[in-house]
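A.B. asks: This is protein-v2.csv, which holds CSV, C-alpha atoms:
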```csv
chain,number,residue,atom,x,y,z
A,810,MET,CA,-49.6,171.5,42.9
A,811,GLN,CA,-48.7,170.8,46.5
A,812,ALA,CA,-47.4,167.3,47.3
A,813,VAL,CA,-45.8,165.3,50.1
A,814,GLN,CA,-42.3,164.4,48.9
A,815,PHE,CA,-38.8,163.4,49.9
A,816,SER,CA,-35.5,163.7,48.0
A,817,GLU,CA,-33.5,161.2,50.1
A,818,HIS,CA,-34.1,158.3,52.3
A,819,GLY,CA,-34.0,158.7,56.1
A,820,ASP,CA,-36.1,159.4,59.1
A,821,ALA,CA,-39.3,161.4,59.1
A,822,ASP,CA,-37.4,164.7,58.8
A,823,VAL,CA,-36.8,164.1,55.1
A,824,ILE,CA,-40.5,164.6,54.4
A,825,GLU,CA,-41.6,167.9,52.9
A,826,TYR,CA,-44.9,169.3,51.6
A,827,GLY,CA,-44.4,171.8,48.8
A,828,ASP,CA,-44.5,172.6,45.1
A,829,PHE,CA,-44.4,169.7,42.6
A,830,PRO,CA,-45.1,169.8,38.8
A,831,ASP,CA,-48.7,169.2,38.0
A,832,PRO,CA,-49.2,165.6,36.6
A,833,GLU,CA,-50.6,165.1,33.1
A,834,PRO,CA,-52.6,161.9,32.4
A,835,GLY,CA,-51.4,159.6,29.6
A,836,ARG,CA,-53.8,158.0,27.2
A,837,ASP,CA,-54.7,155.2,29.6
A,838,GLU,CA,-54.6,157.3,32.7
A,839,VAL,CA,-57.0,159.4,34.8
A,840,LEU,CA,-56.2,162.6,36.6
A,841,VAL,CA,-57.7,162.5,40.1
A,842,ASP,CA,-58.3,165.4,42.4
A,843,ILE,CA,-57.2,163.8,45.6
A,844,LYS,CA,-59.6,164.4,48.5
A,845,ALA,CA,-57.9,162.1,51.1
A,846,GLY,CA,-54.9,159.8,51.4
A,847,ALA,CA,-54.0,157.2,54.0
A,848,LEU,CA,-50.8,155.8,55.4
A,849,ASN,CA,-49.5,152.3,55.7
A,850,HIS,CA,-46.3,150.9,57.2
A,851,LEU,CA,-45.2,150.5,53.5
A,852,ASP,CA,-44.9,154.3,53.5
A,853,VAL,CA,-42.4,154.2,56.4
A,854,TRP,CA,-40.3,151.4,54.8
A,855,THR,CA,-40.3,153.3,51.4
A,856,ARG,CA,-39.2,156.5,53.1
A,857,ARG,CA,-36.4,154.6,54.9
A,858,GLY,CA,-35.3,152.8,51.8
A,859,LEU,CA,-36.0,149.3,50.6
A,860,PRO,CA,-33.3,147.0,49.2
A,861,GLY,CA,-33.4,146.8,45.4
A,862,VAL,CA,-35.9,149.6,45.1
A,863,ASP,CA,-34.3,152.6,43.3
A,864,LEU,CA,-36.8,155.5,43.4
A,865,GLU,CA,-37.0,158.4,41.1
A,866,MET,CA,-36.4,161.4,43.4
A,867,PRO,CA,-38.1,163.4,44.6
A,868,HIS,CA,-40.5,160.7,45.5
A,869,ILE,CA,-44.2,161.2,46.3
A,870,PRO,CA,-45.4,158.5,48.7
A,871,GLY,CA,-48.9,157.1,49.2
A,872,SER,CA,-50.5,153.8,48.2
A,873,ASP,CA,-53.9,154.7,49.5
A,874,GLY,CA,-56.0,157.6,48.2
A,875,ALA,CA,-59.4,158.7,46.9
A,876,GLY,CA,-60.9,161.6,45.0
A,877,VAL,CA,-62.8,162.9,42.0
A,878,VAL,CA,-61.9,162.3,38.4
A,879,GLU,CA,-60.7,165.6,36.9
A,880,GLU,CA,-59.7,164.5,33.4
A,881,VAL,CA,-59.3,161.2,31.5
A,882,GLY,CA,-56.9,160.1,28.8
A,883,GLU,CA,-58.1,159.6,25.3
A,884,ALA,CA,-58.2,155.7,25.6
A,885,VAL,CA,-60.1,155.7,28.9
A,886,THR,CA,-63.8,154.7,28.7
A,887,ARG,CA,-64.5,153.4,32.2
A,888,PHE,CA,-64.5,156.8,34.0
A,889,GLU,CA,-65.5,160.3,33.2
A,890,PRO,CA,-65.0,163.7,35.0
A,891,GLY,CA,-66.9,163.9,38.2
A,892,ASP,CA,-66.7,160.2,39.1
A,893,ARG,CA,-65.7,159.3,42.7
A,894,VAL,CA,-62.8,156.8,42.8
A,895,ALA,CA,-60.2,155.1,45.0
A,896,LEU,CA,-56.8,153.7,44.3
A,897,LEU,CA,-56.0,150.0,43.9
A,898,ALA,CA,-52.2,150.3,44.2
A,899,GLY,CA,-51.0,147.0,42.7
A,900,VAL,CA,-49.8,147.3,39.1
A,901,HIS,CA,-49.4,144.2,36.9
A,902,CYS,CA,-48.1,143.7,33.4
A,903,GLY,CA,-51.1,141.7,31.9
A,904,LYS,CA,-48.7,139.6,29.8
A,905,CYS,CA,-46.9,137.1,32.1
A,906,GLU,CA,-48.1,133.5,32.8
A,907,PHE,CA,-49.7,134.6,36.1
A,908,CYS,CA,-51.6,137.6,34.6
A,909,ARG,CA,-52.8,135.4,31.7
A,910,THR,CA,-54.3,132.9,34.1
A,911,GLY,CA,-55.9,135.6,36.2
A,912,ASP,CA,-53.8,135.7,39.4
A,913,THR,CA,-52.4,139.2,38.7
A,914,ALA,CA,-51.1,139.6,42.3
A,915,LEU,CA,-48.4,137.0,41.3
A,916,CYS,CA,-47.3,139.1,38.2
A,917,VAL,CA,-43.6,138.8,37.7
A,918,ASN,CA,-43.4,142.5,37.1
A,919,TYR,CA,-45.7,143.4,39.9
A,920,HIS,CA,-45.1,146.8,41.6
A,921,VAL,CA,-47.0,149.1,43.9
A,922,ILE,CA,-48.0,152.8,43.3
A,923,GLY,CA,-46.4,154.7,46.1
A,924,GLU,CA,-43.7,152.1,46.8
A,925,HIS,CA,-42.0,151.6,43.4
A,926,VAL,CA,-43.4,154.6,41.6
A,927,ARG,CA,-44.7,157.9,42.7
A,928,GLY,CA,-47.8,157.8,44.8
A,929,VAL,CA,-50.9,159.8,45.6
A,930,HIS,CA,-50.2,161.9,48.7
A,931,ALA,CA,-50.6,165.1,46.7
A,932,GLU,CA,-53.4,167.4,45.5
A,933,TYR,CA,-53.5,165.6,42.1
A,934,ALA,CA,-52.3,162.2,40.8
A,935,ALA,CA,-52.3,160.7,37.3
A,936,ILE,CA,-53.3,157.0,37.8
A,937,PRO,CA,-53.8,154.2,35.3
A,938,ALA,CA,-57.5,153.7,34.8
A,939,GLU,CA,-57.3,150.0,35.7
A,940,ASN,CA,-55.9,151.0,39.1
A,941,LEU,CA,-59.1,152.8,40.1
A,942,THR,CA,-62.3,151.5,41.6
A,943,PRO,CA,-65.6,153.4,41.9
A,944,VAL,CA,-66.6,154.8,45.3
A,945,PRO,CA,-70.3,155.1,46.1
A,946,ASP,CA,-71.7,158.5,46.8
A,947,HIS,CA,-72.6,157.7,50.4
A,948,VAL,CA,-69.0,156.7,51.4
A,949,ASP,CA,-66.9,159.5,52.9
A,950,TRP,CA,-63.5,160.3,51.6
A,951,GLU,CA,-61.6,159.2,54.8
A,952,THR,CA,-63.2,155.7,54.5
A,953,ALA,CA,-62.6,155.5,50.8
A,954,ALA,CA,-58.9,156.4,51.3
A,955,ALA,CA,-58.2,154.2,54.3
A,956,ALA,CA,-59.8,151.0,53.3
A,957,PRO,CA,-58.4,149.6,50.0
A,958,LEU,CA,-54.8,148.5,50.8
A,959,VAL,CA,-55.4,146.9,54.2
A,960,PHE,CA,-58.7,145.2,53.4
A,961,GLN,CA,-57.6,143.8,50.1
A,962,THR,CA,-54.4,142.5,51.6
A,963,ALA,CA,-56.1,140.9,54.6
A,964,TRP,CA,-58.9,139.5,52.4
A,965,ARG,CA,-56.5,137.8,49.9
A,966,MET,CA,-54.2,136.5,52.7
A,967,MET,CA,-57.0,135.0,54.8
A,968,ILE,CA,-59.8,134.1,52.5
A,969,GLU,CA,-58.3,133.5,49.0
A,970,ARG,CA,-54.9,132.2,50.1
A,971,GLY,CA,-55.6,130.9,53.6
A,972,ASP,CA,-59.0,129.4,52.9
A,973,LEU,CA,-60.4,130.5,56.2
A,974,THR,CA,-63.8,128.8,56.9
A,975,GLN,CA,-66.6,129.1,59.4
A,976,GLY,CA,-65.9,127.5,62.7
A,977,GLU,CA,-62.1,127.7,62.6
A,978,SER,CA,-60.0,129.7,65.1
A,979,VAL,CA,-57.7,132.6,64.2
A,980,LEU,CA,-55.1,134.5,66.1
A,981,VAL,CA,-54.5,138.0,64.7
A,982,LEU,CA,-51.3,139.7,65.8
A,983,GLY,CA,-51.0,143.5,66.0
A,984,ALA,CA,-54.7,144.0,65.9
A,985,SER,CA,-54.4,147.7,66.4
A,986,GLY,CA,-52.7,148.3,63.0
A,987,GLY,CA,-54.2,148.7,59.6
A,988,VAL,CA,-53.9,145.1,58.4
A,989,GLY,CA,-54.5,143.8,61.9
A,990,HIS,CA,-57.8,145.5,62.4
A,991,ALA,CA,-59.0,144.6,58.9
A,992,ALA,CA,-58.0,140.9,59.6
A,993,VAL,CA,-60.0,140.8,62.8
A,994,GLN,CA,-63.1,142.1,61.0
A,995,ILE,CA,-62.7,139.7,58.1
A,996,ALA,CA,-62.1,136.7,60.4
A,997,ALA,CA,-65.2,137.5,62.4
A,998,HIS,CA,-67.3,137.9,59.2
A,999,ALA,CA,-66.1,134.5,58.1
A,1000,GLY,CA,-67.5,133.0,61.2
A,1001,ALA,CA,-64.2,132.2,62.9
A,1002,GLU,CA,-63.4,132.4,66.6
A,1003,VAL,CA,-61.0,135.3,66.8
A,1004,TYR,CA,-58.1,135.8,69.2
A,1005,ALA,CA,-56.2,139.1,68.9
A,1006,THR,CA,-53.1,140.7,70.4
A,1007,ALA,CA,-52.5,144.4,71.2
A,1008,SER,CA,-50.4,146.4,73.6
A,1009,SER,CA,-52.8,148.4,75.8
A,1010,GLU,CA,-56.2,148.1,77.3
A,1011,GLU,CA,-57.5,150.8,74.9
A,1012,LYS,CA,-56.2,148.9,71.9
A,1013,LEU,CA,-57.6,145.6,73.2
A,1014,GLN,CA,-61.0,147.2,73.6
A,1015,HIS,CA,-60.8,148.4,70.0
A,1016,ALA,CA,-60.0,144.9,68.9
A,1017,LYS,CA,-63.1,143.6,70.7
A,1018,GLU,CA,-65.2,146.3,68.9
A,1019,CYS,CA,-63.8,145.0,65.6
A,1020,GLY,CA,-65.0,141.5,66.4
A,1021,ALA,CA,-62.3,139.8,68.5
A,1022,ASP,CA,-63.7,137.1,70.9
A,1023,HIS,CA,-60.6,136.9,73.0
A,1024,VAL,CA,-57.8,139.5,73.5
A,1025,ILE,CA,-54.2,139.2,74.8
A,1026,ASP,CA,-51.9,142.0,75.9
A,1027,TYR,CA,-48.7,140.8,74.3
A,1028,GLU,CA,-46.5,143.1,76.4
A,1029,ALA,CA,-47.8,141.6,79.6
A,1030,GLU,CA,-48.4,138.0,78.5
A,1031,ASP,CA,-46.7,135.3,76.5
A,1032,PHE,CA,-49.3,135.1,73.8
A,1033,ALA,CA,-48.3,131.6,72.7
A,1034,ALA,CA,-48.7,130.3,76.2
A,1035,GLU,CA,-52.0,132.1,76.5
A,1036,ILE,CA,-53.3,130.6,73.3
A,1037,ARG,CA,-52.3,127.1,74.4
A,1038,GLU,CA,-54.2,127.6,77.7
A,1039,MET,CA,-57.3,129.2,76.1
A,1040,THR,CA,-57.6,126.4,73.6
A,1041,GLY,CA,-56.9,123.5,75.9
A,1042,LYS,CA,-53.4,123.0,74.5
A,1043,ARG,CA,-54.8,122.6,71.0
A,1044,GLY,CA,-53.7,125.9,69.4
A,1045,VAL,CA,-55.5,127.8,66.6
A,1046,ASP,CA,-56.1,126.9,63.0
A,1047,MET,CA,-54.6,130.1,61.6
A,1048,VAL,CA,-52.2,132.8,62.8
A,1049,VAL,CA,-52.1,136.1,61.0
A,1050,ASP,CA,-48.5,137.3,61.5
A,1051,HIS,CA,-47.3,140.5,59.7
A,1052,VAL,CA,-44.9,141.3,62.5
A,1053,GLY,CA,-42.0,139.1,61.6
A,1054,GLU,CA,-38.9,138.4,63.7
A,1055,ALA,CA,-40.3,139.4,67.1
A,1056,THR,CA,-43.3,137.0,67.0
A,1057,TRP,CA,-42.5,134.3,64.5
A,1058,ASP,CA,-41.5,131.5,66.9
A,1059,LYS,CA,-44.4,132.2,69.2
A,1060,SER,CA,-46.8,132.2,66.2
A,1061,LEU,CA,-45.7,128.7,65.2
A,1062,LYS,CA,-46.1,127.6,68.8
A,1063,SER,CA,-49.7,128.9,68.7
A,1064,LEU,CA,-50.8,126.7,65.8
A,1065,ALA,CA,-52.7,123.5,66.1
A,1066,LYS,CA,-51.6,120.5,64.1
A,1067,ASN,CA,-52.2,121.1,60.4
A,1068,GLY,CA,-52.5,124.8,61.2
A,1069,ARG,CA,-51.3,127.5,58.9
A,1070,ILE,CA,-49.5,130.8,59.4
A,1071,VAL,CA,-50.3,133.5,56.9
A,1072,THR,CA,-48.1,136.5,56.4
A,1073,CYS,CA,-48.0,139.7,54.3
A,1074,GLY,CA,-45.2,141.6,56.1
A,1075,ALA,CA,-42.5,141.7,58.7
A,1076,THR,CA,-42.4,145.1,60.4
A,1077,THR,CA,-39.9,143.9,63.0
A,1078,GLY,CA,-37.6,142.2,60.5
A,1079,PRO,CA,-37.6,139.6,57.8
A,1080,ARG,CA,-35.2,136.9,59.1
A,1081,PRO,CA,-36.6,135.1,62.1
A,1082,LYS,CA,-35.2,131.8,63.4
A,1083,THR,CA,-37.5,129.0,62.5
A,1084,ASN,CA,-38.0,125.6,64.3
A,1085,ILE,CA,-38.3,123.4,61.2
A,1086,ASN,CA,-39.0,120.4,63.4
A,1087,ARG,CA,-42.2,122.0,64.6
A,1088,ILE,CA,-43.3,122.7,61.0
A,1089,PHE,CA,-42.9,119.2,59.7
A,1090,TRP,CA,-43.9,117.3,62.9
A,1091,ASN,CA,-47.1,119.3,63.3
A,1092,GLN,CA,-47.6,119.5,59.5
A,1093,LEU,CA,-47.9,123.2,59.4
A,1094,LYS,CA,-48.4,125.4,56.4
A,1095,VAL,CA,-46.6,128.7,55.8
A,1096,ILE,CA,-48.5,130.9,53.3
A,1097,GLY,CA,-47.2,134.2,52.0
A,1098,SER,CA,-49.5,136.8,50.4
A,1099,THR,CA,-49.1,140.3,48.9
A,1100,MET,CA,-51.8,142.8,48.0
A,1101,ALA,CA,-54.6,141.2,45.9
A,1102,THR,CA,-56.1,141.0,42.4
A,1103,HIS,CA,-58.4,143.8,41.6
A,1104,GLY,CA,-61.3,141.4,41.7
A,1105,GLU,CA,-60.4,140.3,45.2
A,1106,ALA,CA,-59.9,143.9,46.3
A,1107,GLU,CA,-63.4,144.8,45.0
A,1108,LYS,CA,-64.9,141.9,46.9
A,1109,ALA,CA,-63.5,143.2,50.1
A,1110,LEU,CA,-64.3,146.8,49.4
A,1111,SER,CA,-68.0,145.9,48.6
A,1112,LEU,CA,-68.2,144.9,52.3
A,1113,VAL,CA,-66.7,148.3,53.3
A,1114,TRP,CA,-69.0,150.3,51.1
A,1115,ASP,CA,-72.1,148.5,52.6
A,1116,GLY,CA,-70.9,149.0,56.2
A,1117,THR,CA,-70.0,145.4,57.0
A,1118,PHE,CA,-66.4,146.4,57.5
A,1119,GLU,CA,-65.2,149.7,58.8
A,1120,PRO,CA,-61.7,151.1,58.6
A,1121,LYS,CA,-60.9,152.7,62.0
A,1122,ILE,CA,-59.4,156.1,61.7
A,1123,ARG,CA,-56.9,157.0,64.5
A,1124,ASP,CA,-56.3,160.5,63.3
A,1125,THR,CA,-56.9,162.8,60.3
A,1126,LEU,CA,-54.1,165.4,59.5
A,1127,PRO,CA,-53.4,167.9,56.8
A,1128,MET,CA,-50.8,166.7,54.3
A,1129,SER,CA,-48.4,169.4,55.5
A,1130,GLU,CA,-48.2,167.3,58.8
A,1131,THR,CA,-47.4,164.0,57.1
A,1132,LYS,CA,-44.1,163.9,59.0
A,1133,ARG,CA,-46.2,163.6,62.2
A,1134,ALA,CA,-48.4,160.9,60.5
A,1135,HIS,CA,-45.3,158.8,59.8
A,1136,GLU,CA,-44.2,159.2,63.4
A,1137,MET,CA,-47.5,157.9,64.7
A,1138,LEU,CA,-47.1,154.7,62.7
A,1139,GLU,CA,-43.5,154.2,63.8
A,1140,ASN,CA,-44.3,154.8,67.4
A,1141,ARG,CA,-47.4,152.6,67.3
A,1142,GLU,CA,-49.6,155.4,68.6
A,1143,GLY,CA,-53.3,154.8,68.5
A,1144,PHE,CA,-55.5,152.2,66.7
A,1145,GLY,CA,-56.3,152.0,63.0
A,1146,LYS,CA,-55.4,154.1,60.0
A,1147,VAL,CA,-53.9,157.6,59.7
A,1148,VAL,CA,-55.5,159.8,57.0
A,1149,VAL,CA,-54.0,162.9,55.4
A,1150,ILE,CA,-55.9,165.6,53.6
A,1151,PRO,CA,-54.5,168.1,51.1
A,1152,ASP,CA,-54.2,171.4,52.9
A,1153,SER,CA,-56.2,173.0,50.1
A,1154,GLU,CA,-59.2,170.8,51.1
A,1155,LEU,CA,-59.3,172.0,54.7
```
Would you mind writing the structure in this file as structure tokens?

C.D. replies:
Amino acid sequence: MQAVQFSEHGDADVIEYGDFPDPEPGRDEVLVDIKAGALNHLDVWTRRGLPGVDLEMPHIPGSDGAGVVEEVGEAVTRFEPGDRVALLAGVHCGKCEFCRTGDTALCVNYHVIGEHVRGVHAEYAAIPAENLTPVPDHVDWETAAAAPLVFQTAWRMMIERGDLTQGESVLVLGASGGVGHAAVQIAAHAGAEVYATASSEEKLQHAKECGADHVIDYEAEDFAAEIREMTGKRGVDMVVDHVGEATWDKSLKSLAKNGRIVTCGATTGPRPKTNINRIFWNQLKVIGSTMATHGEAEKALSLVWDGTFEPKIRDTLPMSETKRAHEMLENREGFGKVVVIPDSEL
């Protein structure tokens, strides 16, 4: 088969698209004929190299993908050839204390397909059956591939972990990215007043189309000062910050008393300076979140499948141009997700 792959960490030039041995499904696995994949910033970090993550090389990236079941392992009863499926990339052990109590996203052996093990940016992928979810016939492949990781991540972070409720106010940073544009839609659906930041008029307009009530150009304005002014110096109840070092201090400044900051990533760096005085004096909460349980993911995806949420696609490229797709993410070009299609499907 043809697969996106790299044999060493580095910049986008290490990415190749070429021959790779055909996968064979194990007894609990499903062989999927991949029709579309989608990129996340996780793919960029994995390609560059993550501390403590020792990959089997060559590595196939991709934590988002969808396609048709080609073959099932002998122990698989949930799917059969011809079924339409999408990947839920989080893998849990099923045995630790967290798995036994149902919060599998806290599994002590948690890992992510595409990050820690080979992913799905290829013509075929052998995937554990429990890491697949059905895709309705009316959903196109680009949507099915682009939605799962970002919508499950934003849903768990804001709804399950952050307890967002109707009538609260939310600031979403980086609303033009995958998680950001999902977070705006989820916040609006929850009945919150939504503030969003982006870096251009076009991206700000897209954020409004996703449900933002107020938008701020973070390159032209101090977003913390703008939030204080817009809210009568009160601040917002929740800040969604997946940016990290570059925004952390301003995010804390944007919070109302008893507010909470929720985070699932740190694209500009993981070690910001923190004003602890602000946290204890204003009685703020810092809430971390990663991925989601499969049940939480399917809650979020049900709202994608019925059209309530819509993953925005900034571009669709052949997998042979995945290098260009990585560059688009790194350079913050456009709004929403980048989808890659196996060249044989075009």

A.B. asks: Work out how far atom CA of Met966 of chain A is from atom CA of Leu864 of chain A, in Å to one decimal.

C.D. replies: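 Spanning atom CA of Leu864 of chain A to atom CA of Met966 of chain A is a straight-line distance of 27.4 Å.
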
A.B. asks: Report, in Å to a single decimal, how far apart atom CA of Val988 of chain A and atom CA of Lys1082 of chain A are.

C.D. replies: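 For atom CA of Lys1082 of chain A relative to atom CA of Val988 of chain A, the distance reads 23.5 Å.
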
A.B. asks: Could you please determine the separation between atom CA of Glu924 of chain A and atom CA of Gln814 of chain A in Å, to one decimal place?

C.D. replies: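 Straight-line distance from atom CA of Glu924 of chain A to atom CA of Gln814 of chain A works out to 12.6 Å.
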
A.B. asks: So, counting all atoms listed in the file, which residue among A:Cys908, A:Ala956, A:Cys916, A:Val944 is closest to Leu848 of chain A?

C.D. replies: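 Answer, going by the shortest atom-to-atom distance: A:Ala956.
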
A.B. asks: Let me make sure I understand: among A:Asp892, A:Glu1018, A:Glu1154, A:Glu1107, which one has the smallest atom-to-atom distance to Trp964 of chain A if we use only C-alpha atoms?

C.D. replies: A:Glu1107

A.B. asks: For each of A:Met1100, A:Ala997, A:Pro867, A:Val894, take the minimum atom-to-atom distance to Tyr919 of chain A, counting all atoms listed in the file, then give the residue where this is smallest.

C.D. replies: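 Going through A:Met1100, A:Ala997, A:Pro867, A:Val894 one by one, the smallest distance to Tyr919 of chain A is for A:Met1100.
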
A.B. asks: Counting all atoms listed in the file, what is within 10 Å of Leu851 of chain A, bar same-chain residues fewer than 2 positions away, as a PyMOL selection string?

C.D. replies: chain A and resi 848-849+853-857+859+870-872+921+923-924+1074+1076

A.B. asks: Write out as a VMD selection string each polymer residue whose atoms come within 12 Å of Ile1036 of chain A, counting only C-alpha atoms; drop sequence neighbours fewer than 6 positions from it.

C.D. replies: chain A and resid 978 to 982 1003 to 1006 1023 to 1027 1030 1042 to 1048 1059 to 1065

A.B. asks: Give me the residues of segment 1054-1150 of chain A that have any atom at most 10 Å from an atom of segment 926-937 of chain A; for each, the nearest atom pair and the distance in Å, rounded to one decimal. Use only C-alpha atoms, sort by chain and number, and format it as JSON lines.

C.D. replies:
```
{"residue": "A:Met1128", "atom": "CA", "partner": "A:His930", "partner_atom": "CA", "distance": 7.4}
{"residue": "A:Thr1131", "atom": "CA", "partner": "A:His930", "partner_atom": "CA", "distance": 9.1}
{"residue": "A:Val1149", "atom": "CA", "partner": "A:His930", "partner_atom": "CA", "distance": 7.8}
{"residue": "A:Ile1150", "atom": "CA", "partner": "A:His930", "partner_atom": "CA", "distance": 8.4}
```

A.B. asks: Would you pick out the contacts of Leu941 of chain A at 12 Å or less, using only C-alpha atoms, so that residues sharing its chain but fewer than 6 positions from it are not included, and give the list as number ranges by chain?

C.D. replies: A: 837-841, 872-878, 885, 887-888, 892-900, 922, 934-935, 953-954, 957, 1103-1104, 1106-1107

A.B. asks: Could you check the closest approach to Val959 of chain A for each of A:Ala847, A:Cys1019, A:Ile1070, A:Leu1138 and tell me which residue wins, using only C-alpha atoms?

C.D. replies: A:Ala847

A.B. asks: For Ile995 of chain A, which residue among A:Val1113, A:Ala938, A:Cys905, A:Val917 is the nearest when counting only C-alpha atoms?

C.D. replies: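 Closest residue, counting only C-alpha atoms: A:Val1113.
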